[in-house]
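J.: Before I ask anything, let me first share the structure, which is written out below as structure tokens.
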Amino acid sequence: GNSVTQMEGPVTLSEEAFLTINCTYTATGYPSLFWYVQYPGEGLQLLLKATKADDKGSNKGFEATYRKETTSFHLEKGSVQVSDSAVYFCALSSRNQGGKLIFGQGTELSVKP
Amino acid sequence: DVKVTQSSRYLVKRTGEKVFLECVQDMDHENMFWYRQDPGLGLRLIYFSYDVKMKEKGDIPEGYSVSREKKERFSLILESASTNQTSMYLCASSPISGGPLSYNEQFFGPGTRLTVL
């Protein structure tokens with residue numbers, strides 16, 4: 001079945017460091033891919049998305065490219081801020097899933113000043 | 001903006017109590033979902049619904065039931081709460097699969113942190 005695997009956290013970085021959170025997936029067909037973010041005490045909110053191979057999603061300085069050849073959707077940011085401290089979830093959705101999202105386990109990011 | 005609201009942010013109940021968690025969305029979405037979130041396990045789907053009075057089991061439905069009497073409201077019911085149901089519960093909604101937002105973005109509520117003593 002479909003699945004998503006993220007790198008384990010927590011990830012601790014200094015402010016202005018480069019961030020990569022790895023995400024790989026297993027899916028039949030052509031899924032859509034998402035990164036969601038959960039700030040402390042809040043629900044999840046969509047950070048970025050990509051709906052087909054080679055698409056790049058971007059938002060708030062974060063980017064991720066849909067790589068079908070490596071079945072990956074790694075999240076990157078060139079210079080993190082303390083305010084980026086949150087839990088990040090990679091997810092996929094396939095048409096044959098009828099609207100359901102499959103989530104990775106989440107990666108906690110902590111950015112220190 | 002899409003808004004998904006949940007009836008409580010924090011809830012404390014006793015073992016054996018019947019617990020209702022309410023979720024309301026204001027964007028006329030067909031799909032609604034209930035997840036629980038636990039450290040190290042990510043989000044796990046409990047139940048979902050594609051339409052009024054329709055429900056489907058997710059990955060971990062045991063010990064839970066749901067009700068969807070109106071399109072905008074989706075309730076999660078713990079028939080007899082147990083300590084292993086202490087968790088964060090998240091509700092989400094999305095438009096119908098294949099529609100204008102066919103990549104199935106889900107919109108989440110703020111969550112209810114339930115503690116069962």
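Residue names in the structure tokens use chain letters A, B, ... in the order shown, residue numbers from 1 in each chain, and ligand numbers from 1 in the order shown.
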Considering only C-alpha atoms, extract the chain B residues located within 12 Å of chain A and return them as a PyMOL selection string.

T.: chain B and resi 2-6+9-10+29-50+56-59+88-99+101-113

J.: Hey, what's within 7 Å of region 61-70 of chain B if we count only C-alpha atoms and toss same-chain stuff fewer than 4 positions away? As JSON, numbers by chain, please?

T.: {"B": [46, 47, 52, 53, 57, 74, 75, 76, 77, 78, 79]}

J.: Under the rule that only C-alpha atoms are counted, which of A:Asn59, A:Val37, A:Pro10, A:Gly29 is the nearest residue to Cys90 (chain A)?

T.: A:Val37

J.: Can you tell me which residues surround Phe18 (chain A) at a distance of at most 8 Å, considering only C-alpha atoms, apart from same-chain residues fewer than 3 positions away, and format the answer as a CSV table (one decimal) with N, CA and C atoms, in the first residue's frame?

T.:
```
chain,number,residue,atom,x,y,z
A,76,GLU,N,13.2,21.8,1.9
A,76,GLU,CA,14.5,22.6,2.1
A,76,GLU,C,14.2,24.0,2.4
A,77,LYS,N,15.1,24.6,3.2
A,77,LYS,CA,15.0,26.1,3.4
A,77,LYS,C,16.4,26.6,3.6
A,78,GLY,N,16.7,27.7,2.9
A,78,GLY,CA,18.1,28.1,2.9
A,78,GLY,C,18.6,28.7,4.2
A,79,SER,N,17.7,29.3,5.0
A,79,SER,CA,18.1,30.0,6.2
A,79,SER,C,16.9,30.0,7.2
A,80,VAL,N,17.0,29.1,8.2
A,80,VAL,CA,15.9,29.0,9.1
A,80,VAL,C,15.9,30.0,10.1
```

J.: Near Ile21 (chain A), within 7 Å and counting only C-alpha atoms, which residues show up once chain neighbours fewer than 6 positions away are dropped, as a list in words?

T.: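 Skipping anything fewer than 6 positions along the chain leaves Met7, His74, Leu75 and Glu76 of chain A.
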
J.: Write out as a list in words the residues lying within 7 Å of region 11-16 of chain A, counting only C-alpha atoms and excluding same-chain residues fewer than 6 positions away.

T.: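 The residues that qualify are Ser79, Val80, Gln81, Val82, Glu108, Leu109, Ser110, Val111, Lys112 and Pro113 of chain A.
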
J.: Write the selection just made, keeping N, CA and C atoms, as a PDB file, in the first residue's frame?

T.:
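Okay, this is what ended up in again_8.pdb:
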```pdb
ATOM      1  N   SER A  79      17.665  29.336   4.968  1.00  0.00           N
ATOM      2  CA  SER A  79      18.077  30.047   6.182  1.00  0.00           C
ATOM      3  C   SER A  79      16.897  30.005   7.167  1.00  0.00           C
ATOM      4  N   VAL A  80      17.004  29.116   8.154  1.00  0.00           N
ATOM      5  CA  VAL A  80      15.862  28.953   9.061  1.00  0.00           C
ATOM      6  C   VAL A  80      15.851  30.033  10.136  1.00  0.00           C
ATOM      7  N   GLN A  81      14.667  30.265  10.658  1.00  0.00           N
ATOM      8  CA  GLN A  81      14.467  31.235  11.728  1.00  0.00           C
ATOM      9  C   GLN A  81      13.895  30.526  12.952  1.00  0.00           C
ATOM     10  N   VAL A  82      14.015  31.173  14.090  1.00  0.00           N
ATOM     11  CA  VAL A  82      13.459  30.588  15.321  1.00  0.00           C
ATOM     12  C   VAL A  82      11.968  30.294  15.149  1.00  0.00           C
ATOM     13  N   GLU A 108      10.242  16.844  14.061  1.00  0.00           N
ATOM     14  CA  GLU A 108      10.253  18.049  14.888  1.00  0.00           C
ATOM     15  C   GLU A 108      11.511  18.851  14.604  1.00  0.00           C
ATOM     16  N   LEU A 109      11.325  20.124  14.335  1.00  0.00           N
ATOM     17  CA  LEU A 109      12.442  21.037  14.089  1.00  0.00           C
ATOM     18  C   LEU A 109      12.512  22.051  15.217  1.00  0.00           C
ATOM     19  N   SER A 110      13.692  22.215  15.773  1.00  0.00           N
ATOM     20  CA  SER A 110      13.927  23.227  16.799  1.00  0.00           C
ATOM     21  C   SER A 110      15.057  24.116  16.315  1.00  0.00           C
ATOM     22  N   VAL A 111      14.789  25.421  16.220  1.00  0.00           N
ATOM     23  CA  VAL A 111      15.790  26.373  15.763  1.00  0.00           C
ATOM     24  C   VAL A 111      16.195  27.251  16.941  1.00  0.00           C
ATOM     25  N   LYS A 112      17.483  27.266  17.224  1.00  0.00           N
ATOM     26  CA  LYS A 112      18.017  28.039  18.360  1.00  0.00           C
ATOM     27  C   LYS A 112      18.594  29.354  17.878  1.00  0.00           C
ATOM     28  N   PRO A 113      18.424  30.419  18.675  1.00  0.00           N
ATOM     29  CA  PRO A 113      18.966  31.729  18.286  1.00  0.00           C
ATOM     30  C   PRO A 113      20.496  31.721  18.275  1.00  0.00           C
TER      31      PRO A 113
END
```
